[in-house]
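Q: Contents of upload_4.txt (compact mmCIF, C-alpha atoms) are given next:
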# COMPACT_ATOMS: atom_id res chain seq x y z
CA MET A 231 2.02 -15.51 17.57
CA ASN A 232 -1.40 -15.60 19.18
CA GLU A 233 -3.26 -18.80 18.32
CA TRP A 234 -6.23 -16.74 17.21
CA TYR A 235 -4.07 -15.32 14.43
CA ARG A 236 -3.29 -18.76 13.02
CA GLY A 237 -6.39 -18.50 10.94
CA ASP A 238 -7.38 -20.53 7.93
CA VAL A 239 -7.57 -19.37 4.32
CA SER A 240 -10.16 -20.74 1.93
CA ALA A 241 -8.59 -23.26 -0.43
CA GLU A 242 -10.48 -21.67 -3.33
CA TYR A 243 -7.86 -18.92 -3.49
CA ALA A 244 -5.13 -21.54 -3.74
CA ILE A 245 -7.07 -23.25 -6.54
CA GLY A 246 -7.24 -19.94 -8.42
CA LEU A 247 -3.49 -19.54 -8.04
CA LEU A 248 -2.80 -23.09 -9.21
CA GLU A 249 -5.00 -22.59 -12.28
CA TYR A 250 -3.05 -19.46 -13.20
CA LEU A 251 0.28 -21.25 -12.72
CA GLU A 252 -0.94 -24.07 -14.95
CA GLN A 253 -1.58 -21.52 -17.70
CA LEU A 254 2.08 -20.55 -17.37
CA GLY A 255 3.17 -24.17 -17.70
CA ILE A 256 3.93 -24.63 -13.99
CA GLY A 257 2.45 -27.83 -12.61
CA ALA A 258 0.69 -28.26 -9.29
CA ASP A 259 3.39 -30.64 -8.03
CA GLN A 260 6.01 -27.92 -8.35
CA ALA A 261 3.82 -25.29 -6.75
CA LEU A 262 2.79 -27.50 -3.82
CA ALA A 263 6.27 -28.84 -3.06
CA ASP A 264 7.16 -28.51 0.64
CA THR A 265 3.96 -26.59 1.44
CA GLY A 266 2.34 -29.36 3.45
CA ILE A 267 -0.81 -28.97 1.34
CA GLY A 268 -2.45 -32.29 0.53
CA SER A 269 -4.62 -32.83 -2.53
CA ALA A 270 -7.63 -33.47 -0.26
CA GLN A 271 -7.39 -29.89 1.03
CA LEU A 272 -8.03 -28.62 -2.49
CA GLU A 273 -11.26 -30.57 -2.88
CA GLY A 274 -14.57 -29.26 -1.64
CA ASP A 275 -14.89 -26.29 0.72
CA LEU A 276 -11.71 -26.97 2.72
CA ARG A 277 -9.08 -24.62 4.09
CA LEU A 278 -5.36 -24.01 4.36
CA THR A 279 -3.48 -22.75 7.37
CA THR A 280 -1.91 -19.30 7.14
CA GLN A 281 1.49 -21.00 7.00
CA GLN A 282 0.46 -23.25 4.09
CA ASP A 283 -0.96 -20.30 2.16
CA ALA A 284 2.29 -18.40 2.69
CA ALA A 285 4.41 -21.38 1.56
CA LEU A 286 2.36 -21.77 -1.62
CA SER A 287 2.59 -18.02 -2.31
CA GLU A 288 6.36 -18.10 -1.79
CA ASN A 289 6.72 -21.03 -4.22
CA ALA A 290 4.56 -19.26 -6.81
CA VAL A 291 6.61 -16.05 -6.66
CA ARG A 292 9.84 -18.03 -6.99
CA LEU A 293 8.58 -20.17 -9.89
CA THR A 294 7.15 -17.23 -11.84
CA GLY A 295 9.83 -14.70 -10.93
CA ASN A 296 6.99 -12.23 -10.36
CA GLU A 297 7.10 -10.42 -7.01
CA GLY A 298 3.86 -8.65 -7.94
CA LEU A 299 1.91 -11.89 -8.09
CA GLY A 300 -0.44 -10.71 -5.31
CA PHE A 301 -1.60 -7.89 -7.59
CA GLU A 302 -1.88 -10.32 -10.50
CA LEU A 303 -4.13 -12.71 -8.61
CA GLY A 304 -6.30 -9.88 -7.33
CA LEU A 305 -6.78 -8.66 -10.90
CA ARG A 306 -7.63 -12.17 -12.12
CA SER A 307 -10.04 -12.91 -9.28
CA SER A 308 -13.72 -13.35 -10.00
CA VAL A 309 -16.65 -13.16 -7.60
CA THR A 310 -16.88 -16.97 -7.78
CA TRP A 311 -13.45 -17.22 -6.10
CA HIS A 312 -15.21 -16.19 -2.89
CA GLY A 313 -17.38 -19.31 -2.89
CA ILE A 314 -20.83 -19.10 -1.37
CA LEU A 315 -19.96 -15.69 0.08
CA GLY A 316 -19.49 -14.52 -3.52
CA LEU A 317 -23.03 -15.69 -4.27
CA GLY A 318 -24.21 -13.63 -1.32
CA LEU A 319 -22.35 -10.57 -2.57
CA MET A 320 -24.08 -10.84 -5.94
CA SER A 321 -27.45 -11.20 -4.21
CA CYS A 322 -27.24 -7.94 -2.25
CA ARG A 323 -29.47 -5.01 -3.12
CA THR A 324 -26.77 -2.30 -3.25
CA LEU A 325 -22.99 -2.07 -3.27
CA ARG A 326 -23.15 -0.83 0.35
CA ASP A 327 -24.98 -4.00 1.40
CA ALA A 328 -22.46 -6.13 -0.50
CA LEU A 329 -19.41 -4.46 1.07
CA ARG A 330 -20.95 -4.80 4.51
CA LEU A 331 -21.47 -8.50 3.82
CA TRP A 332 -17.87 -8.81 2.58
CA THR A 333 -16.41 -7.13 5.66
CA GLY A 334 -18.82 -8.87 8.03
CA TYR A 335 -18.05 -12.40 6.84
CA LEU A 336 -14.45 -12.07 5.66
CA ASP A 337 -13.45 -14.30 8.57
CA VAL A 338 -15.08 -17.30 6.87
CA ARG A 339 -12.68 -16.73 3.94
CA THR A 340 -9.56 -15.72 5.85
CA THR A 341 -8.86 -14.94 9.48
CA GLY A 342 -5.44 -13.43 8.82
CA PHE A 343 -7.00 -10.08 7.85
CA CYS A 344 -10.12 -8.15 8.71
CA ILE A 345 -11.73 -5.14 7.04
CA TYR A 346 -14.01 -2.49 8.46
CA LEU A 347 -16.09 -0.01 6.46
CA HIS A 348 -16.18 3.63 7.53
CA GLU A 349 -18.06 6.45 5.78
CA HIS A 350 -17.26 10.13 6.33
CA ASP A 351 -17.15 13.39 4.38
CA GLY A 352 -18.57 11.77 1.25
CA LEU A 353 -15.94 9.00 1.25
CA ALA A 354 -16.18 5.29 1.95
CA GLU A 355 -13.05 3.66 3.37
CA LEU A 356 -12.52 -0.09 3.60
CA ASN A 357 -9.72 -0.26 6.16
CA ILE A 358 -7.64 -3.44 6.05
CA GLN A 359 -6.11 -4.78 9.27
CA ASP A 360 -3.36 -7.41 9.15
CA LEU A 361 -3.94 -9.75 12.08
CA ALA A 362 -0.81 -11.84 11.51
CA PRO A 363 1.91 -9.26 10.73
CA GLY A 364 4.70 -11.62 11.78
CA ALA A 365 3.75 -14.32 9.27
CA LEU A 366 5.51 -14.82 5.94
CA MET A 367 4.37 -13.27 2.63
CA ARG A 368 2.13 -10.66 4.25
CA GLY A 369 2.79 -8.14 1.47
CA PHE A 370 1.63 -10.70 -1.08
CA GLY A 371 -1.52 -11.48 0.93
CA LEU A 372 -2.29 -7.82 1.50
CA GLU A 373 -1.90 -6.89 -2.18
CA ARG A 374 -4.08 -9.84 -3.19
CA LEU A 375 -6.84 -8.94 -0.72
CA ALA A 376 -6.78 -5.20 -1.43
CA THR A 377 -6.96 -5.75 -5.19
CA MET A 378 -9.77 -8.29 -4.84
CA THR A 379 -11.69 -5.86 -2.64
CA ALA A 380 -11.16 -2.93 -5.00
CA ARG A 381 -12.37 -5.00 -7.96
CA LEU A 382 -15.57 -6.06 -6.21
CA ALA A 383 -17.19 -2.66 -6.76
CA ALA A 384 -17.02 -2.84 -10.55
CA GLN A 385 -17.65 -6.60 -10.66
CA LEU A 386 -20.84 -6.39 -8.61
CA THR A 387 -22.31 -3.22 -10.10
CA GLN A 388 -21.18 -4.17 -13.63
CA GLN A 389 -20.07 -0.57 -14.11
CA GLU A 390 -16.76 1.22 -14.57
CA LEU A 391 -16.01 3.02 -11.30
CA PRO A 392 -12.92 5.16 -11.93
CA GLU A 393 -12.73 6.77 -8.48
CA VAL A 394 -11.92 3.55 -6.62
CA GLU A 395 -8.45 3.81 -5.07
CA MET A 396 -6.09 1.55 -3.13
CA TRP A 397 -3.86 3.07 -0.45
CA PHE A 398 -0.88 1.26 1.05
CA LYS A 399 1.12 2.16 4.14
CA ASP A 400 4.60 1.52 2.80
CA GLU A 401 6.78 2.86 0.01
CA GLU A 402 6.03 1.77 -3.55
CA PRO A 403 7.65 -1.62 -4.34
CA SER A 404 9.68 -1.87 -7.53
CA TYR A 405 7.25 -4.30 -9.17
CA ALA A 406 4.22 -2.02 -8.79
CA ALA A 407 5.10 0.00 -11.91
CA ALA A 408 4.42 -3.05 -14.10
CA TYR A 409 0.79 -3.03 -12.89
CA ALA A 410 0.16 0.72 -13.04
CA GLN A 411 -2.07 0.51 -16.13
CA ARG A 412 -4.12 -2.43 -14.87
CA LEU A 413 -4.74 -1.56 -11.24
CA PRO A 414 -7.17 1.02 -9.88
CA LYS A 415 -5.47 4.24 -8.84
CA VAL A 416 -2.85 3.32 -6.21
CA ARG A 417 -1.15 5.52 -3.65
CA PHE A 418 1.82 4.35 -1.59
CA ALA A 419 3.53 5.66 1.56
CA THR A 420 0.22 6.94 2.95
CA GLY A 421 0.52 5.30 6.37
CA LEU A 422 -2.90 3.77 5.71
CA CYS A 423 -4.03 0.50 4.18
CA GLN A 424 -7.46 0.83 2.64
CA VAL A 425 -9.66 0.75 -0.44
CA ARG A 426 -11.43 4.09 -0.97
CA MET A 427 -14.30 5.34 -3.11
CA PRO A 428 -16.96 8.06 -3.09
CA SER A 429 -19.83 7.16 -0.76
CA ALA A 430 -22.19 7.76 -3.68
CA TYR A 431 -20.93 4.53 -5.23
CA LEU A 432 -22.36 2.58 -2.30
CA ASP A 433 -25.91 3.42 -3.34
CA LEU A 434 -25.50 1.79 -6.75
CA PRO A 435 -27.94 -1.14 -7.22
CA LEU A 436 -26.73 -4.62 -8.06
CA PRO A 437 -28.42 -6.17 -11.12
CA THR A 438 -28.17 -9.67 -9.62
CA ALA A 439 -29.93 -8.90 -6.29
CA HIS A 440 -31.96 -11.75 -4.78
CA THR A 441 -33.22 -11.45 -1.22
CA LEU A 442 -34.02 -15.13 -0.67
CA VAL A 443 -30.58 -16.27 -1.83
CA LEU A 444 -28.91 -13.61 0.32
CA ASN A 445 -30.71 -14.83 3.43
CA GLN A 446 -29.69 -18.41 2.69
CA VAL A 447 -26.05 -17.35 2.25
CA LYS A 448 -26.06 -15.48 5.57
CA GLN A 449 -27.44 -18.55 7.35
CA HIS A 450 -24.77 -20.73 5.72
CA CYS A 451 -21.99 -18.31 6.72
CA GLU A 452 -23.23 -18.22 10.32
CA ARG A 453 -23.23 -22.02 10.47
CA GLU A 454 -19.73 -22.13 8.95
CA ARG A 455 -18.47 -19.58 11.45
CA ILE A 456 -19.81 -21.68 14.32
CA SER A 457 -18.40 -24.92 12.89
CA LEU A 458 -14.98 -23.29 12.62
CA GLY A 459 -15.17 -22.07 16.20
CA GLN A 460 -14.71 -18.46 15.07
CA ASN A 461 -16.25 -15.17 16.08
CA ASN A 462 -16.66 -12.42 13.54
CA CYS A 463 -13.73 -10.04 13.70
CA LEU A 464 -14.06 -8.22 17.00
CA ILE A 465 -11.28 -5.79 16.09
CA ALA A 466 -13.08 -4.74 12.91
CA ARG A 467 -16.35 -4.25 14.77
CA ILE A 468 -14.71 -2.07 17.42
CA LYS A 469 -12.85 0.04 14.87
CA GLY A 470 -16.05 0.56 12.95
CA LEU A 471 -17.65 2.00 16.11
CA LEU A 472 -14.83 4.20 17.41
CA PRO A 473 -14.61 7.35 15.24
CA LEU A 474 -17.52 9.75 15.56
CA GLU A 475 -18.32 12.53 13.12
CA ASP A 476 -17.23 15.23 15.58
CA GLY A 477 -13.72 13.75 15.87
CA THR A 478 -14.27 12.16 19.29
CA TYR A 479 -14.17 8.45 20.16
CA LEU A 480 -16.47 6.19 22.11
CA GLY A 481 -15.27 4.91 25.47
CA MET A 482 -14.97 1.26 26.42
CA GLU A 483 -18.31 1.21 28.25
CA GLU A 484 -20.10 2.66 25.21
CA VAL A 485 -18.40 0.26 22.79
CA ALA A 486 -19.14 -2.73 25.03
CA GLN A 487 -22.80 -1.70 25.22
CA ALA A 488 -22.98 -1.39 21.41
CA LEU A 489 -21.53 -4.91 21.17
CA CYS A 490 -24.03 -6.28 23.70
CA MET A 491 -21.43 -7.29 26.28
CA SER A 492 -20.00 -5.96 29.52
CA SER A 493 -16.82 -3.90 29.55
CA ARG A 494 -15.18 -6.70 31.58
CA THR A 495 -16.04 -9.24 28.86
CA LEU A 496 -14.77 -6.88 26.15
CA LYS A 497 -11.50 -6.34 28.02
CA ARG A 498 -11.04 -10.09 28.42
CA LYS A 499 -11.73 -10.78 24.74
CA LEU A 500 -9.27 -8.09 23.67
CA ARG A 501 -6.61 -9.43 26.03
CA HIS A 502 -7.07 -12.88 24.47
CA LEU A 503 -6.45 -11.36 21.05
CA GLY A 504 -3.34 -9.52 22.22
CA PHE A 505 -4.90 -6.04 22.21
CA ASN A 506 -6.15 -3.47 24.68
CA PHE A 507 -8.82 -0.82 24.17
CA ARG A 508 -6.46 2.14 24.51
CA GLN A 509 -4.28 0.70 21.75
CA LEU A 510 -7.26 0.51 19.38
CA VAL A 511 -8.30 4.09 20.11
CA ASP A 512 -4.74 5.31 19.53
CA GLU A 513 -4.57 3.45 16.24
CA ALA A 514 -7.94 4.85 15.16
CA ARG A 515 -6.79 8.39 15.99
CA LYS A 516 -3.56 7.79 14.10
CA GLN A 517 -5.47 6.78 10.98
CA GLU A 518 -7.72 9.82 11.21
CA VAL A 519 -4.76 12.18 11.66
CA LEU A 520 -2.83 10.64 8.78
CA ARG A 521 -5.85 11.05 6.54
CA ASP A 522 -6.27 14.68 7.60
CA VAL A 523 -2.59 15.47 7.00
CA LEU A 524 -2.95 14.14 3.46
CA ASN A 525 -5.71 16.72 2.98
CA THR A 526 -3.45 19.72 2.37
CA THR A 527 -6.36 22.16 2.54
CA MET A 528 -6.34 21.77 6.35
CA THR A 529 -3.81 23.48 8.59
CA ILE A 530 -2.03 21.54 11.33
CA ASP A 531 -3.82 23.68 13.93
CA GLU A 532 -7.18 22.73 12.40
CA ILE A 533 -6.27 19.04 12.47
CA ALA A 534 -5.11 19.24 16.10
CA ASN A 535 -8.38 20.88 17.12
CA ARG A 536 -10.46 18.39 15.11
CA ARG A 537 -8.72 15.35 16.58
CA GLY A 538 -8.70 16.40 20.24
CA TYR A 539 -5.09 17.55 20.69
CA SER A 540 -4.52 20.56 22.95
CA ASP A 541 -2.37 22.25 20.32
CA ALA A 542 -0.38 21.66 17.13
CA ALA A 543 2.81 20.90 19.10
CA ASN A 544 1.18 17.90 20.82
CA LEU A 545 -0.11 16.60 17.50
CA THR A 546 3.34 17.02 15.95
CA ARG A 547 4.97 15.04 18.77
CA ALA A 548 2.50 12.19 18.26
CA PHE A 549 3.00 12.33 14.49
CA ARG A 550 6.79 12.05 14.89
CA ARG A 551 6.30 8.91 17.00
CA TRP A 552 4.22 7.35 14.22
CA THR A 553 6.22 8.37 11.14
CA GLY A 554 9.57 9.77 12.28
CA GLU A 555 8.65 13.08 10.61
CA SER A 556 6.65 16.21 11.34
CA PRO A 557 3.30 16.64 9.54
CA SER A 558 4.86 19.34 7.34
CA GLN A 559 7.79 17.09 6.37
CA TYR A 560 5.38 14.25 5.63
CA ARG A 561 3.25 16.48 3.41
CA ALA A 562 6.25 17.88 1.55
CA LYS A 563 7.34 14.50 0.16
CA LEU A 564 3.88 13.51 -1.10
CA PRO A 565 3.55 13.69 -4.90
CA TYR A 566 -0.16 14.50 -4.58
CA LYS A 567 -2.73 16.00 -2.28
CA LEU A 568 -6.10 14.62 -1.28
CA GLU A 569 -8.69 16.01 -3.67
CA ARG A 570 -11.71 17.56 -2.02
CA GLY A 571 -13.99 17.24 -5.02
CA LEU A 572 -15.87 13.94 -5.20
CA ALA A 573 -16.84 12.16 -8.36
CA GLN A 574 -20.46 12.21 -9.40
CA VAL A 575 -22.07 8.85 -10.03
CA ALA A 576 -24.29 8.67 -13.09
Just give me the structure of the file as structure tokens.
A:
Amino acid sequence: MNEWYRGDVSAEYAIGLLEYLEQLGIGADQALADTGIGSAQLEGDLRLTTQQDAALSENAVRLTGNEGLGFELGLRSSVTWHGILGLGLMSCRTLRDALRLWTGYLDVRTTGFCIYLHEHDGLAELNIQDLAPGALMRGFGLERLATMTARLAAQLTQQELPEVEMWFKDEEPSYAAAYAQRLPKVRFATGLCQVRMPSAYLDLPLPTAHTLVLNQVKQHCERERISLGQNNCLIARIKGLLPLEDGTYLGMEEVAQALCMSSRTLKRKLRHLGFNFRQLVDEARKQEVLRDVLNTTMTIDEIANRRGYSDAANLTRAFRRWTGESPSQYRAKLPYKLERGLAQVA
């Protein structure tokens, strides 16, 4: 695994987990056994390695017998779990500003995932990228992060926001049914991993906004990022730039210019992270096509034309590589279609 992927996770999330386990009568000594986590790591603003976080998560699932514990922790999370970044989120002027802060500085909370925000057709998508897919307990970590992210909208605006959804790539796990009444609307087997909501939600004001505090938080996060020797998530920044409204994608030179670097520097940075630019464009196109196929009001020919394929047959061949099925077969097994009507925000 690339060294860059061996990112740290804020110990505050582990503290939240340990507090929940204590409520269940499970002591910290049991939970921390064989994790390599020392008590000093749980004091102050310290961090765990990805491996330590996974070991603690694995112990917690075993001790509770609850495979859906990632969902549980996400539901129990508060804005204060995010430390000083949580204070910054509360200090933003609108939900859009807060979600941009969350995605922009997620790497000071965890470097195992990154999130990029994309708005289109009246929808806001927070796309979650797993940067350590070979590590243990990734499903747990993904469910925890997605649920935390989905809850931020209501927590920060202090409003009920019923049109927030979570989408997961894989089939529904058996334990998800136990959380159906507590989670936001969840869709599985979509081929996408994201939190979605109407773009209109992003304009909602936050009652706790405070410009001075926000600026102080941003300065703190920048200093923390430097002290940790981290860059903000380059992959998230590139993916946020790639899709254009007309269905085309920026080239490497254009992306490099937007990131204030040369294309040679961008290529070198991507190679260090184990990626290449073509791979990112292909993945971005895949996500756009999957989303379009879920919109059953569009024909396959329309999708092919919108996404730059010469004809429907070429799109279908690409789709089979991604999913093992044709677009029509994929649509046929879905228990829902993507609604075109968007909720109105009071």
Q: Quick one: everything within 7 Å of Lys415 in chain A, counting all atoms listed in the file, minus sequence neighbours fewer than 4 positions away in the same chain. Send it as number ranges by chain.
A: A: 394-396
Q: Please indicate the distance in Å from CA of Glu273 in chain A to CA of Glu302 in chain A, rounded to one decimal place.
A: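 Computing it gives 23.6 Å between the two atoms.
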Q: When you count all atoms listed in the file, which of these residues is closest to Leu247 in chain A: A:Pro403, A:Gly298, A:Gly304, A:Pro428?
A: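 Closest candidate: A:Gly304.
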Q: Find the distance between CA of Phe507 in chain A and CA of Asp522 in chain A and write it in Å to one decimal.
A: 22.8 Å
Q: My list of candidates is A:Thr546, A:Thr478, A:Ser287, A:Ser404. Which is closest to Gly246 in chain A when distances are computed with all atoms listed in the file?
A: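 Checking each candidate against Gly246 in chain A, we get A:Ser287 as the closest.
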Q: Please report the interatomic distance between CA of Glu513 in chain A and CA of Gln359 in chain A in Å with one decimal.
A: 10.9 Å
Q: Skip range 340-349 of chain A itself and residues of its chain fewer than 3 positions away, then list as a PyMOL selection string all residues within 6 Å of it, counting only C-alpha atoms.
A: chain A and resi 237-239+333+337+353-362+466+470
Q: Check the smallest atom-to-atom distance from each of A:Leu382, A:Ala365, A:Ala258, A:Leu293 to Ser307 in chain A using only C-alpha atoms, then report the winner.
A: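 Closest to Ser307 in chain A of all the choices is A:Leu382.
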Q: Can you save range 413-497 of chain A of the given block to a file, including C-alpha atoms and formatted as an mmCIF file, in the first residue's frame?
A:
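Final output, out38.cif:
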data_model
loop_
_atom_site.group_PDB
_atom_site.id
_atom_site.type_symbol
_atom_site.label_atom_id
_atom_site.label_comp_id
_atom_site.auth_asym_id
_atom_site.auth_seq_id
_atom_site.Cartn_x
_atom_site.Cartn_y
_atom_site.Cartn_z
ATOM 1 C CA LEU A 413 -30.808 6.564 8.819
ATOM 2 C CA PRO A 414 -31.489 9.084 6.074
ATOM 3 C CA LYS A 415 -32.846 7.490 2.912
ATOM 4 C CA VAL A 416 -30.270 4.905 1.781
ATOM 5 C CA ARG A 417 -29.812 3.314 -1.626
ATOM 6 C CA PHE A 418 -27.503 0.357 -2.209
ATOM 7 C CA ALA A 419 -26.005 -1.254 -5.327
ATOM 8 C CA THR A 420 -25.807 2.112 -7.101
ATOM 9 C CA GLY A 421 -22.162 1.838 -8.136
ATOM 10 C CA LEU A 422 -21.631 5.199 -6.441
ATOM 11 C CA CYS A 423 -20.611 6.212 -2.944
ATOM 12 C CA GLN A 424 -21.974 9.623 -2.057
ATOM 13 C CA VAL A 425 -24.228 11.755 0.112
ATOM 14 C CA ARG A 426 -26.828 13.608 -1.976
ATOM 15 C CA MET A 427 -29.250 16.460 -1.401
ATOM 16 C CA PRO A 428 -31.033 19.195 -3.367
ATOM 17 C CA SER A 429 -28.677 22.087 -4.137
ATOM 18 C CA ALA A 430 -31.254 24.404 -2.578
ATOM 19 C CA TYR A 431 -30.286 23.021 0.832
ATOM 20 C CA LEU A 432 -26.794 24.465 0.404
ATOM 21 C CA ASP A 433 -28.121 28.006 0.571
ATOM 22 C CA LEU A 434 -29.594 27.489 4.038
ATOM 23 C CA PRO A 435 -28.011 29.843 6.624
ATOM 24 C CA LEU A 436 -26.339 28.519 9.753
ATOM 25 C CA PRO A 437 -27.600 30.106 12.990
ATOM 26 C CA THR A 438 -24.163 29.794 14.607
ATOM 27 C CA ALA A 439 -22.176 31.640 11.893
ATOM 28 C CA HIS A 440 -19.148 33.619 13.105
ATOM 29 C CA THR A 441 -16.672 34.957 10.557
ATOM 30 C CA LEU A 442 -13.819 35.667 12.985
ATOM 31 C CA VAL A 443 -13.947 32.179 14.493
ATOM 32 C CA LEU A 444 -14.096 30.621 11.018
ATOM 33 C CA ASN A 445 -10.957 32.447 9.933
ATOM 34 C CA GLN A 446 -9.148 31.316 13.078
ATOM 35 C CA VAL A 447 -10.188 27.702 12.455
ATOM 36 C CA LYS A 448 -8.934 27.832 8.857
ATOM 37 C CA GLN A 449 -5.568 29.162 10.027
ATOM 38 C CA HIS A 450 -5.350 26.399 12.643
ATOM 39 C CA CYS A 451 -6.207 23.710 10.079
ATOM 40 C CA GLU A 452 -3.569 25.023 7.675
ATOM 41 C CA ARG A 453 -0.948 24.918 10.419
ATOM 42 C CA GLU A 454 -2.019 21.389 11.390
ATOM 43 C CA ARG A 455 -1.834 20.245 7.787
ATOM 44 C CA ILE A 456 1.711 21.593 7.504
ATOM 45 C CA SER A 457 2.782 20.067 10.831
ATOM 46 C CA LEU A 458 1.490 16.681 9.673
ATOM 47 C CA GLY A 459 3.367 16.979 6.399
ATOM 48 C CA GLN A 460 0.129 16.598 4.428
ATOM 49 C CA ASN A 461 -1.289 18.239 1.345
ATOM 50 C CA ASN A 462 -5.009 18.674 0.976
ATOM 51 C CA CYS A 463 -6.467 15.812 -1.010
ATOM 52 C CA LEU A 464 -5.199 16.256 -4.549
ATOM 53 C CA ILE A 465 -7.492 13.525 -5.858
ATOM 54 C CA ALA A 466 -10.574 15.295 -4.487
ATOM 55 C CA ARG A 467 -9.488 18.614 -5.973
ATOM 56 C CA ILE A 468 -8.953 17.087 -9.414
ATOM 57 C CA LYS A 469 -12.259 15.232 -9.370
ATOM 58 C CA GLY A 470 -14.037 18.400 -8.383
ATOM 59 C CA LEU A 471 -12.624 20.105 -11.497
ATOM 60 C CA LEU A 472 -13.105 17.372 -14.099
ATOM 61 C CA PRO A 473 -16.820 17.194 -15.029
ATOM 62 C CA LEU A 474 -18.160 20.173 -16.942
ATOM 63 C CA GLU A 475 -21.830 20.995 -17.389
ATOM 64 C CA ASP A 476 -21.768 20.028 -21.082
ATOM 65 C CA GLY A 477 -20.587 16.485 -20.277
ATOM 66 C CA THR A 478 -16.964 17.066 -21.323
ATOM 67 C CA TYR A 479 -13.858 16.878 -19.132
ATOM 68 C CA LEU A 480 -10.895 19.162 -18.641
ATOM 69 C CA GLY A 481 -7.532 17.995 -19.945
ATOM 70 C CA MET A 482 -4.405 17.613 -17.854
ATOM 71 C CA GLU A 483 -2.991 20.991 -18.910
ATOM 72 C CA GLU A 484 -6.223 22.758 -17.921
ATOM 73 C CA VAL A 485 -6.454 20.944 -14.590
ATOM 74 C CA ALA A 486 -2.796 21.649 -13.800
ATOM 75 C CA GLN A 487 -3.324 25.334 -14.571
ATOM 76 C CA ALA A 488 -6.384 25.445 -12.280
ATOM 77 C CA LEU A 489 -4.241 23.894 -9.533
ATOM 78 C CA CYS A 490 -1.433 26.413 -10.094
ATOM 79 C CA MET A 491 1.162 23.839 -11.133
ATOM 80 C CA SER A 492 2.714 22.504 -14.319
ATOM 81 C CA SER A 493 1.365 19.386 -15.989
ATOM 82 C CA ARG A 494 4.732 17.708 -15.294
ATOM 83 C CA THR A 495 4.369 18.443 -11.560
ATOM 84 C CA LEU A 496 0.780 17.187 -11.573
ATOM 85 C CA LYS A 497 1.813 13.976 -13.330
#
